[in-house]
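I have placed the structure first, in the form of C-alpha cells, so that the comments after it can refer back to it.
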Amino acid sequence: MLFAHDTECGLTATAALVNTTGPDREGLPDVAALDEFFTAHAWTGRHEHTEAELRDVRALRPRLRRLWHADPDEVVAIVNALLRESHALPQLIRHDDEPYHLHAVPRDAPLATRMAVEAAMAMADLVRMDELSRLRVCDHPDCDNVLVDLSKNRSRRFCDAGCGNRAAVSAYRARRAAAQS
C-alpha cells in the first residue's frame with residue numbers, strides 16, 4: 001500500500017466518479033445508478049436516493065475531472081476550495097469495522113459534500129507527498145477516462161474499462177497482420 005487506506009479508497013472512488021461521464025455516456029443516468037455507485041464504492045452515511053442528490057453528485061464531476069488536468073497550484077486551489085466550501089474539519093473516526101481514518105465532514109452531510117471532501121482529502125495527500133504524477137488519463141486513443149496509478153513502479157497506463165485489453169488485442173492483430181505480409 002502506497003498511501004493510507006482511506007486515501008487510496010478516496011482516489012479510486014474519485015476516479016470512478018469522474019469516469020461516470022464522458023462525451024458519449026452518462027454512467028449515473030438515474031437514482032438507481034447512483035445507489036449502485038454508492039454501494040460499489042462502500043460509501044456510508046446519509047444517502048437520500050433523490051433526484052436532487054443525483055444532480056448534486058453529477059455537478060461535482062467536472063470539478064473533480066479538472067484535478068487530473070491541472071498544474072499543482074491549481075490542484076491546491078481546487079482542493080482548498082472544496083474543503084473550505086464544505087466547512088471541513090478533519091477528525092479521526094472508526095466505524096463499520098474499519099480502522100481509524102479521517103473524516104472531515106459529518107456522516108449525515110449530503111453525499112455530494114462527502115464525495116467532494118473525500119476527494120479533496122485524498123488529493124491533499126498526493127500534493128503533500130509530491131505524487132500528483134499518479135493522476136493519469138487512459139492511454140487508449142479512444143478513451144478519456146482518468147485513473148490513479150497506485151502501482152509501485154508507476155506503470156499503469158489504462159483505465160478499468162477494458163482499454164488495456166483492447167490495446168493488447170490491437171497490438172496482437174497488428175503483429176499478426178505484419179507477419180502475414
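Within each chain, counting starts at residue 1; across the C-alpha cells, chains are named A, B, ... in the order shown, with ligands numbered 1 upward in that order.
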
Among the residues of chain A, find those DSSP assigns to alpha helix (DSSP H) from the backbone and print them as a VMD selection string. chain A and resid 5 to 18 31 to 40 51 to 66 72 to 85 111 to 128 163 to 180

Would you give me, as JSON lines, each residue of stretch 67-97 of chain A having an atom within 7 Å of an atom of stretch 103-118 of chain A, along with its shortest atom pair and that distance in Å to one decimal, using only C-alpha atoms and sorting by chain and residue number?
{"residue": "A:Leu82", "atom": "CA", "partner": "A:Ala116", "partner_atom": "CA", "distance": 6.3}
{"residue": "A:Leu83", "atom": "CA", "partner": "A:Val117", "partner_atom": "CA", "distance": 5.9}
{"residue": "A:Ser86", "atom": "CA", "partner": "A:Thr113", "partner_atom": "CA", "distance": 6.3}
{"residue": "A:Ala88", "atom": "CA", "partner": "A:Ala104", "partner_atom": "CA", "distance": 4.8}
{"residue": "A:Leu89", "atom": "CA", "partner": "A:Ala104", "partner_atom": "CA", "distance": 4.7}
{"residue": "A:Pro90", "atom": "CA", "partner": "A:Ala104", "partner_atom": "CA", "distance": 3.8}
{"residue": "A:Gln91", "atom": "CA", "partner": "A:His103", "partner_atom": "CA", "distance": 5.5}
{"residue": "A:Leu92", "atom": "CA", "partner": "A:His103", "partner_atom": "CA", "distance": 6.4}
{"residue": "A:Ile93", "atom": "CA", "partner": "A:His103", "partner_atom": "CA", "distance": 6.4}

Just to be explicit: take each residue in the selection above, keep N, CA, C and O atoms, and write the result as an mmCIF file, in the first residue's frame.
data_model
loop_
_atom_site.group_PDB
_atom_site.id
_atom_site.type_symbol
_atom_site.label_atom_id
_atom_site.label_comp_id
_atom_site.auth_asym_id
_atom_site.auth_seq_id
_atom_site.Cartn_x
_atom_site.Cartn_y
_atom_site.Cartn_z
ATOM 1 N N LEU A 82 -12.693 23.177 -2.194
ATOM 2 C CA LEU A 82 -13.621 22.108 -1.808
ATOM 3 C C LEU A 82 -13.688 21.962 -0.293
ATOM 4 O O LEU A 82 -14.778 21.819 0.282
ATOM 5 N N LEU A 83 -12.559 21.995 0.352
ATOM 6 C CA LEU A 83 -12.530 21.858 1.813
ATOM 7 C C LEU A 83 -13.177 23.063 2.501
ATOM 8 O O LEU A 83 -13.951 22.921 3.438
ATOM 9 N N SER A 86 -16.994 23.202 2.095
ATOM 10 C CA SER A 86 -17.663 22.140 2.842
ATOM 11 C C SER A 86 -17.493 22.296 4.351
ATOM 12 O O SER A 86 -17.986 21.460 5.100
ATOM 13 N N ALA A 88 -14.872 21.771 6.100
ATOM 14 C CA ALA A 88 -14.221 20.535 6.534
ATOM 15 C C ALA A 88 -13.441 20.742 7.829
ATOM 16 O O ALA A 88 -12.753 21.742 8.005
ATOM 17 N N LEU A 89 -13.576 19.769 8.700
ATOM 18 C CA LEU A 89 -12.861 19.747 9.973
ATOM 19 C C LEU A 89 -12.396 18.306 10.186
ATOM 20 O O LEU A 89 -13.150 17.469 10.700
ATOM 21 N N PRO A 90 -11.175 17.982 9.757
ATOM 22 C CA PRO A 90 -10.720 16.595 9.835
ATOM 23 C C PRO A 90 -10.710 16.054 11.263
ATOM 24 O O PRO A 90 -10.304 16.735 12.194
ATOM 25 N N GLN A 91 -11.206 14.823 11.377
ATOM 26 C CA GLN A 91 -11.232 14.123 12.653
ATOM 27 C C GLN A 91 -10.997 12.643 12.403
ATOM 28 O O GLN A 91 -11.423 12.113 11.373
ATOM 29 N N LEU A 92 -10.350 11.993 13.341
ATOM 30 C CA LEU A 92 -10.170 10.543 13.256
ATOM 31 C C LEU A 92 -11.471 9.868 13.675
ATOM 32 O O LEU A 92 -12.057 10.197 14.702
ATOM 33 N N ILE A 93 -11.899 8.926 12.854
ATOM 34 C CA ILE A 93 -13.175 8.227 13.067
ATOM 35 C C ILE A 93 -12.933 6.729 12.868
ATOM 36 O O ILE A 93 -12.120 6.330 12.041
#

Could you name the residues that touch A:Phe158 at 9 Å or less, counting only C-alpha atoms, but leaving out those on the same chain fewer than 2 positions away, as JSON, numbers by chain? {"A": [136, 137, 138, 139, 140, 145, 146, 147, 156, 160, 161, 162, 163, 164, 167]}

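The strand (DSSP E) portion of stretch 136-181 of chain A consists of Arg136, Val137, Val146, Leu147 and Val148 of chain A, with states taken from DSSP on the backbone.
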
The residue from A:Val31, A:Cys143, A:Leu11, A:Ala120 with the smallest atom-to-atom distance to A:Arg157, counting only C-alpha atoms, is A:Cys143

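Counting from atom CA of A:Ala177, the distance to atom CA of A:Asn165 is 18.2 Å.
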
Please provide as number ranges by chain all residues within 12 Å of stretch 20-27 of chain A, with the sequence filter that same-chain residues fewer than 6 positions apart are discarded (counting only C-alpha atoms). A: 13-14, 33-37, 54, 57-62, 64-65, 142-146, 160-161

Kindly save the residues from that selection, with N, CA and C atoms included, as a short mmCIF file (atom, residue, chain, number, x, y, z; two decimals), in the first residue's frame.
data_model
loop_
_atom_site.label_atom_id
_atom_site.label_comp_id
_atom_site.auth_asym_id
_atom_site.auth_seq_id
_atom_site.Cartn_x
_atom_site.Cartn_y
_atom_site.Cartn_z
N ALA A 13 -12.37 6.02 -5.70
CA ALA A 13 -13.77 6.43 -5.84
C ALA A 13 -13.89 7.72 -6.64
N THR A 14 -12.95 8.64 -6.46
CA THR A 14 -12.99 9.89 -7.21
C THR A 14 -12.79 9.63 -8.70
N ALA A 33 -28.75 4.09 -10.45
CA ALA A 33 -27.32 4.00 -10.79
C ALA A 33 -26.47 4.64 -9.69
N LEU A 34 -26.94 5.74 -9.13
CA LEU A 34 -26.22 6.35 -8.01
C LEU A 34 -26.22 5.41 -6.81
N ASP A 35 -27.34 4.72 -6.57
CA ASP A 35 -27.40 3.73 -5.49
C ASP A 35 -26.34 2.64 -5.69
N GLU A 36 -26.21 2.16 -6.92
CA GLU A 36 -25.22 1.14 -7.23
C GLU A 36 -23.80 1.66 -7.02
N PHE A 37 -23.55 2.89 -7.45
CA PHE A 37 -22.24 3.50 -7.27
C PHE A 37 -21.93 3.65 -5.78
N LEU A 54 -28.78 13.26 -6.85
CA LEU A 54 -28.16 12.84 -8.11
C LEU A 54 -27.62 14.05 -8.87
N VAL A 57 -24.41 15.32 -7.20
CA VAL A 57 -23.26 14.45 -7.46
C VAL A 57 -22.79 14.64 -8.90
N ARG A 58 -23.70 14.69 -9.84
CA ARG A 58 -23.32 14.92 -11.24
C ARG A 58 -22.60 16.25 -11.40
N ALA A 59 -23.07 17.27 -10.71
CA ALA A 59 -22.47 18.61 -10.82
C ALA A 59 -21.04 18.65 -10.30
N LEU A 60 -20.69 17.75 -9.42
CA LEU A 60 -19.35 17.69 -8.85
C LEU A 60 -18.31 17.14 -9.84
N ARG A 61 -18.74 16.30 -10.76
CA ARG A 61 -17.81 15.57 -11.62
C ARG A 61 -16.87 16.46 -12.44
N PRO A 62 -17.34 17.52 -13.12
CA PRO A 62 -16.39 18.32 -13.91
C PRO A 62 -15.29 18.98 -13.05
N LEU A 64 -14.06 17.74 -10.28
CA LEU A 64 -13.10 16.70 -9.92
C LEU A 64 -12.25 16.30 -11.11
N ARG A 65 -12.84 16.23 -12.30
CA ARG A 65 -12.05 15.88 -13.51
C ARG A 65 -10.91 16.88 -13.69
N ASP A 142 -8.99 6.08 -27.84
CA ASP A 142 -10.44 6.33 -27.89
C ASP A 142 -11.06 6.51 -26.52
N CYS A 143 -10.25 6.78 -25.51
CA CYS A 143 -10.76 6.85 -24.15
C CYS A 143 -10.31 8.14 -23.47
N ASP A 144 -11.21 8.74 -22.71
CA ASP A 144 -10.85 9.93 -21.93
C ASP A 144 -11.00 9.69 -20.44
N ASN A 145 -11.10 8.42 -20.04
CA ASN A 145 -11.21 8.09 -18.61
C ASN A 145 -9.94 8.49 -17.87
N VAL A 146 -10.12 8.76 -16.59
CA VAL A 146 -8.98 9.07 -15.73
C VAL A 146 -8.65 7.84 -14.89
N ASP A 160 -9.94 1.18 -16.09
CA ASP A 160 -10.60 -0.09 -15.76
C ASP A 160 -11.69 -0.48 -16.75
N ALA A 161 -11.84 0.26 -17.82
CA ALA A 161 -12.93 -0.01 -18.77
C ALA A 161 -12.54 -0.99 -19.87
#

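With only C-alpha atoms as the atoms that count, the minimum distance from A:Val18 to the choices A:Arg63, A:Arg154, A:Ala122, A:Asp130 is reached by A:Arg63.
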
May I ask which of the residues A:Ser181, A:Ser133, A:Thr50, A:Thr7 is the closest one to A:Leu67, counting only C-alpha atoms? A:Ser133

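Distance annotation: of A:Asp30, A:Arg128, A:Arg94, A:Val79, the residue with the minimal separation from A:Ala52 is A:Asp30; atom set is only C-alpha atoms.
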